[in-house]
$ cat final_5.cif   # mmCIF, C-alpha atoms and all ligand atoms
data_upload
#
loop_
_atom_site.label_atom_id
_atom_site.label_comp_id
_atom_site.auth_asym_id
_atom_site.auth_seq_id
_atom_site.Cartn_x
_atom_site.Cartn_y
_atom_site.Cartn_z
CA MET A 1323 -192.74 49.14 85.26
CA ASN A 1324 -192.64 45.47 84.37
CA ILE A 1325 -192.95 42.37 86.55
CA SER A 1326 -191.47 39.01 85.52
CA THR A 1327 -191.91 35.80 87.46
CA ASN A 1328 -189.68 32.73 87.36
CA ALA A 1329 -187.14 34.59 85.24
CA LYS A 1330 -183.67 33.34 84.33
CA LEU A 1331 -181.09 35.37 86.28
CA GLN A 1332 -178.45 34.60 83.69
CA ASP A 1333 -180.27 36.93 81.30
CA TYR A 1334 -179.82 39.81 83.76
CA SER A 1335 -176.05 39.61 84.29
CA ASN A 1336 -173.09 40.12 82.03
CA PHE A 1337 -171.47 36.97 83.50
CA GLY A 1338 -174.45 34.90 82.33
CA LEU A 1339 -174.76 32.93 85.59
CA GLY A 1340 -177.54 32.17 88.06
CA GLY A 1341 -180.70 30.15 88.53
CA ILE A 1342 -184.30 31.32 88.57
CA ALA A 1343 -185.58 34.50 90.25
CA SER A 1344 -189.10 34.15 91.59
CA LYS A 1345 -189.95 37.82 90.90
CA ILE A 1346 -188.15 40.62 89.09
CA ILE A 1347 -189.61 44.15 89.05
CA THR A 1348 -188.00 46.30 86.35
CA LEU A 1349 -188.46 50.06 86.78
CA SER A 1350 -186.70 53.29 85.86
CA THR A 1351 -187.58 56.57 87.59
CA SER A 1352 -186.89 57.30 91.22
CA ASP A 1353 -190.64 57.87 91.86
CA GLU A 1354 -191.43 54.32 90.69
CA LEU A 1355 -188.54 53.04 92.77
CA ILE A 1356 -189.79 54.77 95.92
CA ASN A 1357 -193.32 53.42 95.46
CA VAL A 1358 -192.09 49.85 95.07
CA LEU A 1359 -189.57 50.09 97.92
CA SER A 1360 -192.17 51.61 100.28
CA SER A 1361 -194.65 48.87 99.55
CA LEU A 1362 -192.07 46.07 99.94
CA GLU A 1363 -190.80 47.53 103.20
CA GLN A 1364 -194.33 48.01 104.58
CA ASN A 1365 -195.12 44.37 103.79
CA LYS A 1366 -191.72 43.30 105.18
CA GLU A 1367 -191.03 41.55 101.87
CA PRO A 1368 -187.30 40.86 101.36
CA TYR A 1369 -185.72 42.33 98.24
CA LYS A 1370 -182.39 42.87 96.50
CA ILE A 1371 -181.23 45.57 94.12
CA LEU A 1372 -179.90 45.00 90.62
CA ALA A 1373 -178.94 47.65 88.09
CA GLY A 1374 -176.88 46.97 84.94
CA GLY A 1375 -175.83 43.52 86.17
CA THR A 1376 -172.23 44.08 85.06
CA ASN A 1377 -170.57 43.39 88.41
CA VAL A 1378 -172.64 40.61 89.96
CA VAL A 1379 -172.42 36.83 90.39
CA PHE A 1380 -175.91 35.41 90.83
CA PRO A 1381 -176.36 32.13 92.76
CA ASP A 1382 -177.03 28.87 90.91
CA GLU A 1383 -179.93 28.16 93.27
CA GLY A 1384 -181.70 31.35 92.17
CA LEU A 1385 -183.37 34.02 94.31
CA THR A 1386 -186.53 33.85 96.37
CA GLU A 1387 -186.37 37.56 97.34
CA THR A 1388 -187.93 40.08 94.96
CA LEU A 1389 -185.24 41.48 92.68
CA ILE A 1390 -185.66 45.18 91.91
CA HIS A 1391 -184.07 45.86 88.55
CA ILE A 1392 -183.34 49.58 88.09
CA LYS A 1393 -183.01 50.42 84.43
CA GLY A 1394 -183.15 53.81 82.72
CA GLY A 1395 -184.41 57.21 83.86
CA ASN A 1396 -183.67 60.86 83.12
CA ILE A 1397 -180.75 63.28 83.14
CA GLU A 1398 -181.30 66.95 84.08
CA ILE A 1399 -178.60 69.46 83.17
CA ASN A 1400 -177.74 72.54 85.21
CA ASN A 1401 -175.60 74.56 82.81
CA THR A 1402 -174.69 77.35 85.19
CA ASP A 1403 -172.79 75.23 87.69
CA LEU A 1404 -171.50 72.42 85.40
CA GLY A 1405 -173.84 70.10 87.24
CA LEU A 1406 -176.28 67.37 86.32
CA THR A 1407 -178.69 65.09 88.14
CA ALA A 1408 -179.38 61.58 86.87
CA ASP A 1409 -181.78 58.88 88.02
CA SER A 1410 -179.71 55.96 89.33
CA GLY A 1411 -180.72 53.63 86.48
CA VAL A 1412 -179.29 55.84 83.72
CA LEU A 1413 -176.33 54.21 81.98
CA LEU A 1414 -173.01 55.70 83.08
CA MET A 1415 -172.04 55.91 79.41
CA ASP A 1416 -175.14 58.03 78.66
CA VAL A 1417 -174.03 60.47 81.36
CA VAL A 1418 -170.48 60.48 79.97
CA ARG A 1419 -171.79 61.17 76.44
CA LYS A 1420 -173.99 64.00 77.68
CA THR A 1421 -171.06 65.78 79.36
CA LEU A 1422 -168.76 65.25 76.37
CA GLY A 1423 -171.39 66.79 74.11
CA LEU A 1424 -171.53 69.85 76.38
CA GLY A 1425 -167.73 70.11 76.35
CA TRP A 1426 -167.53 69.50 80.09
CA VAL A 1427 -164.23 68.08 81.35
CA GLY A 1428 -164.02 65.26 83.90
CA MET A 1429 -165.85 62.13 82.75
CA GLU A 1430 -163.90 61.22 79.61
CA ASN A 1431 -161.70 58.65 81.40
CA LEU A 1432 -164.81 56.71 82.43
CA SER A 1433 -165.77 56.09 78.80
CA GLY A 1434 -166.77 52.52 78.11
CA ILE A 1435 -167.39 51.39 81.72
CA PRO A 1436 -170.64 49.42 81.46
CA GLY A 1437 -173.53 49.62 83.93
CA THR A 1438 -175.51 52.44 85.50
CA ILE A 1439 -174.58 55.63 87.31
CA GLY A 1440 -176.12 54.17 90.51
CA GLY A 1441 -174.03 51.01 90.24
CA ALA A 1442 -170.94 53.13 89.56
CA VAL A 1443 -171.52 55.24 92.69
CA TYR A 1444 -172.16 52.10 94.76
CA GLY A 1445 -168.72 50.68 93.88
CA ASN A 1446 -166.93 54.02 93.26
CA ALA A 1447 -166.15 52.77 89.75
CA GLY A 1448 -163.19 54.24 87.97
CA ALA A 1449 -160.58 54.03 85.24
CA TYR A 1450 -157.42 55.82 84.16
CA GLY A 1451 -157.11 57.74 87.43
CA THR A 1452 -160.70 59.05 87.59
CA GLU A 1453 -163.27 57.66 90.04
CA LEU A 1454 -166.90 58.58 90.72
CA LYS A 1455 -165.79 60.13 94.01
CA ASP A 1456 -164.08 62.90 91.99
CA LEU A 1457 -167.40 63.88 90.39
CA VAL A 1458 -170.17 63.22 92.90
CA ASP A 1459 -171.68 66.32 94.49
CA GLU A 1460 -174.64 64.70 96.27
CA VAL A 1461 -176.54 61.42 96.20
CA GLU A 1462 -180.24 61.07 96.96
CA ILE A 1463 -181.03 57.86 98.81
CA PHE A 1464 -183.93 55.89 100.21
CA ASP A 1465 -183.06 54.88 103.74
CA GLN A 1466 -185.61 52.91 105.74
CA GLY A 1467 -188.65 54.69 104.33
CA LYS A 1468 -187.11 58.17 104.03
CA ARG A 1469 -185.61 60.14 101.11
CA LYS A 1470 -182.50 62.15 101.90
CA TRP A 1471 -179.46 63.69 100.23
CA LEU A 1472 -175.94 62.65 101.20
CA SER A 1473 -172.90 64.84 100.55
CA ASN A 1474 -169.79 63.48 98.86
CA THR A 1475 -168.18 63.08 102.30
CA ASP A 1476 -171.24 61.21 103.64
CA CYS A 1477 -170.78 58.69 100.81
CA GLN A 1478 -167.50 57.55 102.44
CA PHE A 1479 -165.90 56.72 99.13
CA GLY A 1480 -162.78 54.58 99.07
CA TYR A 1481 -161.10 52.45 96.46
CA ARG A 1482 -164.03 50.55 94.84
CA THR A 1483 -166.15 51.10 97.92
CA SER A 1484 -168.66 53.47 99.51
CA VAL A 1485 -171.12 53.70 102.38
CA PHE A 1486 -173.68 52.00 100.09
CA LYS A 1487 -171.51 48.95 99.55
CA ASN A 1488 -170.64 48.62 103.22
CA HIS A 1489 -174.25 48.99 104.36
CA LEU A 1490 -175.55 46.24 102.12
CA ARG A 1491 -173.21 43.85 103.89
CA SER A 1492 -175.45 44.20 106.92
CA ASP A 1493 -179.27 44.18 106.98
CA LEU A 1494 -179.49 47.93 106.39
CA LYS A 1495 -180.02 49.02 102.80
CA LEU A 1496 -179.23 52.42 101.36
CA ILE A 1497 -180.78 52.61 97.92
CA ILE A 1498 -179.43 55.19 95.48
CA LEU A 1499 -182.27 57.15 93.84
CA LYS A 1500 -180.49 60.04 92.12
CA VAL A 1501 -176.92 61.16 91.61
CA LYS A 1502 -175.86 64.80 91.34
CA LEU A 1503 -172.50 65.33 89.65
CA LYS A 1504 -170.38 68.46 89.38
CA LEU A 1505 -167.73 68.61 86.67
CA ALA A 1506 -164.32 70.20 86.73
CA GLY A 1507 -164.54 72.76 83.95
CA ARG A 1508 -165.17 73.40 80.27
CA GLY A 1509 -163.02 72.18 77.39
CA ASP A 1510 -163.18 71.43 73.70
CA ALA A 1511 -166.02 68.99 72.93
CA ASN A 1512 -164.22 67.50 69.91
CA GLU A 1513 -160.99 66.89 71.83
CA LEU A 1514 -162.93 65.28 74.68
CA LYS A 1515 -164.87 63.05 72.26
CA ASN A 1516 -161.61 61.96 70.58
CA LYS A 1517 -160.07 61.05 73.93
CA SER A 1518 -163.22 59.12 74.87
CA GLN A 1519 -163.12 57.25 71.56
CA GLU A 1520 -159.46 56.28 72.09
CA ILE A 1521 -160.27 54.89 75.53
CA ILE A 1522 -163.23 52.93 74.18
CA GLN A 1523 -161.02 51.40 71.48
CA ILE A 1524 -158.42 50.29 74.05
CA ARG A 1525 -161.17 48.81 76.24
CA GLU A 1526 -162.76 46.92 73.35
CA GLN A 1527 -159.50 45.08 72.78
CA LYS A 1528 -159.64 43.83 76.38
CA TYR A 1529 -163.39 43.24 76.68
CA SER A 1530 -165.09 42.13 73.49
CA PRO A 1531 -168.83 42.94 73.70
CA GLU A 1532 -169.90 39.27 73.53
CA LEU A 1533 -167.60 38.16 76.39
CA LYS A 1534 -169.62 36.90 79.38
CA CYS A 1535 -167.72 38.43 82.29
CA PRO A 1536 -168.14 40.79 85.25
CA GLY A 1537 -165.12 42.97 84.41
CA SER A 1538 -162.05 42.64 86.64
CA TYR A 1539 -162.79 39.91 89.17
CA PHE A 1540 -160.46 41.09 91.96
CA LYS A 1541 -159.63 44.55 93.26
CA ASN A 1542 -156.17 45.95 92.64
CA LEU A 1543 -154.04 46.36 95.77
CA LEU A 1544 -153.44 49.75 97.38
CA VAL A 1545 -149.74 50.17 98.07
CA SER A 1546 -150.64 52.20 101.18
CA GLU A 1547 -152.37 49.14 102.64
CA LEU A 1548 -149.51 46.66 102.11
CA THR A 1549 -146.65 45.95 104.50
CA THR A 1550 -142.98 46.54 103.60
CA GLU A 1551 -142.55 42.76 103.59
CA GLN A 1552 -145.42 42.29 101.10
CA LEU A 1553 -144.03 45.04 98.87
CA GLN A 1554 -140.53 43.55 98.78
CA SER A 1555 -141.33 41.06 96.02
CA ILE A 1556 -143.17 43.59 93.80
CA PRO A 1557 -141.13 45.37 91.10
CA LYS A 1558 -141.58 49.18 91.37
CA ASP A 1559 -142.53 49.49 87.69
CA LYS A 1560 -145.66 47.39 88.34
CA ILE A 1561 -147.13 50.11 90.59
CA MET A 1562 -149.70 52.28 88.80
CA PHE A 1563 -151.73 55.14 90.35
CA GLY A 1564 -150.59 53.91 93.80
CA LYS A 1565 -151.89 50.40 93.13
CA ILE A 1566 -150.49 47.00 92.24
CA PRO A 1567 -152.68 45.43 89.55
CA ALA A 1568 -154.22 42.17 90.78
CA GLY A 1569 -153.59 41.02 87.18
CA TYR A 1570 -149.83 41.20 87.73
CA LEU A 1571 -149.98 38.98 90.86
CA LEU A 1572 -152.29 36.55 89.06
CA GLU A 1573 -150.03 36.40 86.03
CA GLU A 1574 -147.11 35.49 88.30
CA VAL A 1575 -149.02 32.45 89.65
CA ASP A 1576 -149.86 31.29 86.14
CA ALA A 1577 -153.57 32.08 86.53
CA LYS A 1578 -154.09 32.19 82.78
CA SER A 1579 -153.77 28.40 82.62
CA LYS A 1580 -156.52 27.86 85.22
CA SER A 1581 -160.20 27.02 84.84
CA VAL A 1582 -162.98 25.23 86.71
CA GLY A 1583 -165.60 23.78 84.39
CA ASP A 1584 -166.69 26.46 81.95
CA ILE A 1585 -165.34 29.34 84.06
CA LYS A 1586 -161.93 30.25 82.69
CA VAL A 1587 -159.25 32.87 83.17
CA ALA A 1588 -158.82 34.87 79.96
CA ASP A 1589 -155.50 34.19 78.21
CA PHE A 1590 -155.10 37.93 77.56
CA HIS A 1591 -155.94 39.23 81.07
CA ALA A 1592 -155.21 37.27 84.23
CA ASN A 1593 -157.79 39.22 86.31
CA LEU A 1594 -160.64 38.40 83.92
CA LEU A 1595 -162.78 35.33 84.61
CA TYR A 1596 -165.29 34.55 81.91
CA ASN A 1597 -168.09 32.11 81.30
CA ALA A 1598 -167.32 30.00 78.24
CA GLY A 1599 -170.98 28.94 77.94
CA ASN A 1600 -172.20 26.62 80.67
CA GLY A 1601 -170.37 28.01 83.69
CA THR A 1602 -171.90 28.10 87.17
CA ALA A 1603 -171.55 30.42 90.16
CA LYS A 1604 -170.14 27.47 92.13
CA GLN A 1605 -167.37 27.08 89.55
CA ALA A 1606 -166.66 30.84 89.63
CA ARG A 1607 -166.32 30.78 93.43
CA GLU A 1608 -164.11 27.68 93.28
CA LEU A 1609 -161.79 29.18 90.67
CA ALA A 1610 -161.63 32.48 92.60
CA GLU A 1611 -160.64 30.57 95.76
CA ILE A 1612 -157.89 28.65 93.92
CA LEU A 1613 -156.47 31.93 92.56
CA LYS A 1614 -156.63 33.62 95.97
CA GLN A 1615 -154.72 30.74 97.58
CA LEU A 1616 -152.05 30.81 94.87
CA VAL A 1617 -151.48 34.56 95.30
CA LEU A 1618 -151.49 34.26 99.09
CA GLY A 1619 -148.94 31.43 98.89
CA LYS A 1620 -146.54 33.27 96.59
CA PHE A 1621 -146.88 36.91 97.75
CA GLY A 1622 -148.51 36.72 101.20
CA ILE A 1623 -151.22 39.04 99.79
CA ARG A 1624 -154.94 38.34 100.12
CA LEU A 1625 -156.93 39.24 97.01
CA GLU A 1626 -160.44 40.61 97.51
CA GLU A 1627 -163.28 40.25 95.02
CA GLU A 1628 -164.47 43.39 93.22
CA VAL A 1629 -167.54 41.51 91.95
CA ARG A 1630 -170.57 41.16 94.22
CA TYR A 1631 -171.81 37.67 95.10
CA PHE A 1632 -175.60 37.80 95.51
C1 LIG A 1701 -166.61 44.46 80.51
C2 LIG A 1701 -166.59 45.13 81.84
C3 LIG A 1701 -165.66 46.13 82.11
C4 LIG A 1701 -165.64 46.80 83.34
N1 LIG A 1701 -164.72 47.80 83.56
C5 LIG A 1701 -164.72 48.46 84.74
C6 LIG A 1701 -163.79 49.53 84.99
O1 LIG A 1701 -162.97 49.89 84.15
N2 LIG A 1701 -163.84 50.15 86.19
C7 LIG A 1701 -164.75 49.80 87.16
O2 LIG A 1701 -164.76 50.41 88.22
N3 LIG A 1701 -165.64 48.79 86.94
C8 LIG A 1701 -165.65 48.12 85.76
N4 LIG A 1701 -166.54 47.11 85.55
C9 LIG A 1701 -167.46 46.72 86.62
C10 LIG A 1701 -168.84 47.40 86.50
O3 LIG A 1701 -169.03 47.93 85.23
C11 LIG A 1701 -169.03 48.50 87.49
O4 LIG A 1701 -168.88 48.01 88.79
C12 LIG A 1701 -170.40 49.17 87.36
O5 LIG A 1701 -170.32 50.44 87.95
C13 LIG A 1701 -171.55 48.37 88.00
O6 LIG A 1701 -172.78 48.99 87.66
P1 LIG A 1701 -174.11 48.16 87.42
O7 LIG A 1701 -175.20 49.13 87.16
O8 LIG A 1701 -173.92 47.11 86.38
O9 LIG A 1701 -174.30 47.49 88.84
P2 LIG A 1701 -174.77 45.98 89.15
O10 LIG A 1701 -173.74 45.03 88.65
O11 LIG A 1701 -176.17 45.77 88.74
O12 LIG A 1701 -174.74 46.01 90.76
C14 LIG A 1701 -173.51 46.06 91.45
C15 LIG A 1701 -173.83 46.28 92.94
O13 LIG A 1701 -174.38 47.60 93.09
C16 LIG A 1701 -175.62 47.55 93.79
N5 LIG A 1701 -176.45 48.62 93.24
C17 LIG A 1701 -176.64 48.90 91.92
N6 LIG A 1701 -177.47 49.98 91.80
C18 LIG A 1701 -177.80 50.37 93.06
C19 LIG A 1701 -178.63 51.41 93.59
N7 LIG A 1701 -179.29 52.26 92.79
N8 LIG A 1701 -178.73 51.52 94.94
C20 LIG A 1701 -178.07 50.65 95.76
N9 LIG A 1701 -177.29 49.65 95.32
C21 LIG A 1701 -177.15 49.51 93.97
C22 LIG A 1701 -176.18 46.15 93.50
O14 LIG A 1701 -177.05 45.73 94.54
C23 LIG A 1701 -174.89 45.31 93.47
O15 LIG A 1701 -174.52 44.91 94.76
C24 LIG A 1701 -166.58 46.42 84.33
C25 LIG A 1701 -167.52 45.42 84.07
C26 LIG A 1701 -167.51 44.76 82.84
C27 LIG A 1701 -168.53 43.70 82.57
#

$ encode --input "final_5.cif" --output "structure tokens"
Amino acid sequence: MNISTNAKLQDYSNFGLGGIASKIITLSTSDELINVLSSLEQNKEPYKILAGGTNVVFPDEGLTETLIHIKGGNIEINNTDLGLTADSGVLLMDVVRKTLGLGWVGMENLSGIPGTIGGAVYGNAGAYGTELKDLVDEVEIFDQGKRKWLSNTDCQFGYRTSVFKNHLRSDLKLIILKVKLKLAGRGDANELKNKSQEIIQIREQKYSPELKCPGSYFKNLLVSELTTEQLQSIPKDKIMFGKIPAGYLLEEVDAKSKSVGDIKVADFHANLLYNAGNGTAKQARELAEILKQLVLGKFGIRLEEEVRYF
């Protein structure tokens, strides 16, 4: 466990934004996490949870609450039932690699998604038709002083959402301690590794490792949630996995030419906002609002942020 005071938030997020955090506690195992959470809750000290920092926009004014930074932990394999249990701070990619090495089928499409397994469960992260909801067996949580296991159904997964994400919108906090996954079956480890490598190569063309960004800024749109009127102006061939890419709508409103200060829309991906060096959270919010208004004006569709504003 490590405690930093007056730390720069920009060093803890892939977007490179944010002011000063008065206290950051970095820890890894679920036992450490429980000890710290219990003590903060007993003392009624406010806190927020950070994991890989790949999907967050920290405020320019910094944070006065204690920031709990969950990083690392262990993976336990249960070979007989194609299951594994990981501490929430383990990198998703480490879990993916572990299953590929065992020749287990199911996680290969998630190759290259940055961040932790806990963060991925929180937002039901996904790619190429696979989401965490397809793999989660149970999730151990810390809920107001108590440890308990939630079933997949209890997690209330939806497109880029879960019970964890909804709860944090209110004062209640459900903290993910451990994640138990169950995979679909066994396959050929070499074939799975090759597929994973192909996906990583495609992703690296879109997201170069040095790019300061939080991934896709807005959620794609579920066709099932749009009205016939809204769908009228969308060409059928733009629909993928039952969704309309937010990138398509943004492209149509010329988002790629837009910027506010040092926050810019990438010229190769209209749903990617990046920090060119000295960007601020205020600029990111302003640019996001401009883009939302443009899409609303042209398509009558309201975009919703996938990133989390702290
Ligand atoms: C280059 C790039 C590419 C990306 N590609 C994809 C993609 O293809 N698909 C996709 O779905 N996402 C993608 N993302 C977004 C991001 O990687 C995922 O959302 C990721 O799962 C977030 O994990 P994290 O550990 O970084 O969470 P953080 O960003 O640290 O946190 C995100 C939210 O989760 C909460 N949280 C984190 N851990 C816990 C916990 N243990 N308990 C309770 N709450 C918790 C935090 O409070 C915060 O609100 C991408 C991001 C980047 C930068």

$ residues_near_ligand --input "final_5.cif" --ligand "ligand LIG 1701 (chain A)" --cutoff "7 Å" --atoms "all atoms listed in the file" --output "MDAnalysis selection string"
chainID A and resid 1336 1370:1378 1392 1410:1411 1435:1449 1482 1486:1487 1496:1499 1529 1535:1538 1630

$ write_last_selection --input "final_5.cif" --atoms "C-alpha atoms" --output "compact mmCIF listing (two decimals), in the frame of the given file"
# COMPACT_ATOMS: atom_id res chain seq x y z
CA ASN A 1336 -173.09 40.12 82.03
CA LYS A 1370 -182.39 42.87 96.50
CA ILE A 1371 -181.23 45.57 94.12
CA LEU A 1372 -179.90 45.00 90.62
CA ALA A 1373 -178.94 47.65 88.09
CA GLY A 1374 -176.88 46.97 84.94
CA GLY A 1375 -175.83 43.52 86.17
CA THR A 1376 -172.23 44.08 85.06
CA ASN A 1377 -170.57 43.39 88.41
CA VAL A 1378 -172.64 40.61 89.96
CA ILE A 1392 -183.34 49.58 88.09
CA SER A 1410 -179.71 55.96 89.33
CA GLY A 1411 -180.72 53.63 86.48
CA ILE A 1435 -167.39 51.39 81.72
CA PRO A 1436 -170.64 49.42 81.46
CA GLY A 1437 -173.53 49.62 83.93
CA THR A 1438 -175.51 52.44 85.50
CA ILE A 1439 -174.58 55.63 87.31
CA GLY A 1440 -176.12 54.17 90.51
CA GLY A 1441 -174.03 51.01 90.24
CA ALA A 1442 -170.94 53.13 89.56
CA VAL A 1443 -171.52 55.24 92.69
CA TYR A 1444 -172.16 52.10 94.76
CA GLY A 1445 -168.72 50.68 93.88
CA ASN A 1446 -166.93 54.02 93.26
CA ALA A 1447 -166.15 52.77 89.75
CA GLY A 1448 -163.19 54.24 87.97
CA ALA A 1449 -160.58 54.03 85.24
CA ARG A 1482 -164.03 50.55 94.84
CA PHE A 1486 -173.68 52.00 100.09
CA LYS A 1487 -171.51 48.95 99.55
CA LEU A 1496 -179.23 52.42 101.36
CA ILE A 1497 -180.78 52.61 97.92
CA ILE A 1498 -179.43 55.19 95.48
CA LEU A 1499 -182.27 57.15 93.84
CA TYR A 1529 -163.39 43.24 76.68
CA CYS A 1535 -167.72 38.43 82.29
CA PRO A 1536 -168.14 40.79 85.25
CA GLY A 1537 -165.12 42.97 84.41
CA SER A 1538 -162.05 42.64 86.64
CA ARG A 1630 -170.57 41.16 94.22

$ atom_distance --input "final_5.cif" --atom1 "CA of Ile1612 in chain A" --atom2 "CA of Pro1381 in chain A"
18.8 Å

$ residues_around --input "final_5.cif" --residues "range 1366-1368 of chain A" --least-positions-apart "6" --cutoff "9 Å" --atoms "only C-alpha atoms" --output "ChimeraX atom specification"
/A:1386-1389

$ atom_distance --input "final_5.cif" --atom1 "CA of Asp1510 in chain A" --atom2 "CA of Phe1563 in chain A"
26.0 Å

$ atom_distance --input "final_5.cif" --atom1 "CA of Met1562 in chain A" --atom2 "CA of Val1545 in chain A"
9.5 Å

$ closest_residue --input "final_5.cif" --among "A:Ile1556, A:Tyr1450, A:Ala1568, A:Gly1434" --to "Gln1527 in chain A" --atoms "all atoms listed in the file"
A:Gly1434

$ axis_aligned_box --input "final_5.cif" --around "range 1597-1604 of chain A" --padding-each-side "3 Å" --output "AutoDock Vina command-line options"
--center_x -169.8 --center_y 29.4 --center_z 85.0 --size_x 10.9 --size_y 11.5 --size_z 20.2

$ closest_residue --input "final_5.cif" --among "A:Val1412, A:Leu1572, A:Ile1347, A:Met1429" --to "Glu1453 in chain A" --atoms "all atoms listed in the file"
A:Met1429

$ residues_around --input "final_5.cif" --residues "Gly1340 in chain A" --least-positions-apart "5" --cutoff "8 Å" --atoms "only C-alpha atoms" --output "PyMOL selection string"
chain A and resi 1330-1332+1379-1384+1602-1603

$ closest_residue --input "final_5.cif" --among "A:Glu1574, A:Glu1526, A:Glu1626, A:Asp1353" --to "Arg1469 in chain A" --atoms "only C-alpha atoms"
A:Asp1353

$ decode --input "final_5.cif" --residues "range 1528-1544 of chain A" --atoms "N, CA and C atoms" --output "PDB file, in the first residue's frame"
ATOM      1  N   LYS A1528      -5.691   2.394 -34.293  1.00  0.00           N
ATOM      2  CA  LYS A1528      -6.660   3.406 -33.865  1.00  0.00           C
ATOM      3  C   LYS A1528      -6.143   4.175 -32.650  1.00  0.00           C
ATOM      4  N   TYR A1529      -5.564   3.450 -31.699  1.00  0.00           N
ATOM      5  CA  TYR A1529      -5.124   4.080 -30.449  1.00  0.00           C
ATOM      6  C   TYR A1529      -3.619   3.875 -30.303  1.00  0.00           C
ATOM      7  N   SER A1530      -2.831   4.872 -30.681  1.00  0.00           N
ATOM      8  CA  SER A1530      -1.394   4.690 -30.472  1.00  0.00           C
ATOM      9  C   SER A1530      -1.131   4.804 -28.966  1.00  0.00           C
ATOM     10  N   PRO A1531      -0.167   4.041 -28.437  1.00  0.00           N
ATOM     11  CA  PRO A1531       0.023   3.966 -26.989  1.00  0.00           C
ATOM     12  C   PRO A1531       0.269   5.328 -26.328  1.00  0.00           C
ATOM     13  N   GLU A1532       0.863   6.276 -27.063  1.00  0.00           N
ATOM     14  CA  GLU A1532       1.167   7.576 -26.418  1.00  0.00           C
ATOM     15  C   GLU A1532       0.003   8.572 -26.469  1.00  0.00           C
ATOM     16  N   LEU A1533      -1.112   8.187 -27.150  1.00  0.00           N
ATOM     17  CA  LEU A1533      -2.250   9.104 -27.273  1.00  0.00           C
ATOM     18  C   LEU A1533      -2.938   9.299 -25.923  1.00  0.00           C
ATOM     19  N   LYS A1534      -3.096  10.572 -25.516  1.00  0.00           N
ATOM     20  CA  LYS A1534      -3.767  10.852 -24.235  1.00  0.00           C
ATOM     21  C   LYS A1534      -5.271  10.917 -24.480  1.00  0.00           C
ATOM     22  N   CYS A1535      -5.963   9.825 -24.195  1.00  0.00           N
ATOM     23  CA  CYS A1535      -7.410   9.778 -24.474  1.00  0.00           C
ATOM     24  C   CYS A1535      -8.089   8.793 -23.530  1.00  0.00           C
ATOM     25  N   PRO A1536      -9.411   8.908 -23.406  1.00  0.00           N
ATOM     26  CA  PRO A1536     -10.134   7.932 -22.570  1.00  0.00           C
ATOM     27  C   PRO A1536     -10.868   6.882 -23.404  1.00  0.00           C
ATOM     28  N   GLY A1537     -10.377   6.540 -24.570  1.00  0.00           N
ATOM     29  CA  GLY A1537     -11.086   5.608 -25.451  1.00  0.00           C
ATOM     30  C   GLY A1537     -12.235   6.337 -26.127  1.00  0.00           C
ATOM     31  N   SER A1538     -13.245   5.601 -26.561  1.00  0.00           N
ATOM     32  CA  SER A1538     -14.399   6.247 -27.201  1.00  0.00           C
ATOM     33  C   SER A1538     -15.069   7.161 -26.180  1.00  0.00           C
ATOM     34  N   TYR A1539     -15.384   8.384 -26.600  1.00  0.00           N
ATOM     35  CA  TYR A1539     -15.912   9.359 -25.635  1.00  0.00           C
ATOM     36  C   TYR A1539     -17.399   9.113 -25.381  1.00  0.00           C
ATOM     37  N   PHE A1540     -18.141   8.804 -26.461  1.00  0.00           N
ATOM     38  CA  PHE A1540     -19.592   8.616 -26.339  1.00  0.00           C
ATOM     39  C   PHE A1540     -19.953   7.152 -26.570  1.00  0.00           C
ATOM     40  N   LYS A1541     -21.086   6.754 -25.976  1.00  0.00           N
ATOM     41  CA  LYS A1541     -21.585   5.394 -26.201  1.00  0.00           C
ATOM     42  C   LYS A1541     -22.158   5.288 -27.608  1.00  0.00           C
ATOM     43  N   ASN A1542     -22.092   4.098 -28.197  1.00  0.00           N
ATOM     44  CA  ASN A1542     -22.826   3.865 -29.435  1.00  0.00           C
ATOM     45  C   ASN A1542     -24.322   3.827 -29.099  1.00  0.00           C
ATOM     46  N   LEU A1543     -25.164   3.866 -30.139  1.00  0.00           N
ATOM     47  CA  LEU A1543     -26.605   3.939 -29.884  1.00  0.00           C
ATOM     48  C   LEU A1543     -27.253   2.588 -30.153  1.00  0.00           C
ATOM     49  N   LEU A1544     -28.045   2.114 -29.203  1.00  0.00           N
ATOM     50  CA  LEU A1544     -28.753   0.846 -29.399  1.00  0.00           C
ATOM     51  C   LEU A1544     -29.953   1.083 -30.308  1.00  0.00           C
TER      52      LEU A1544
END
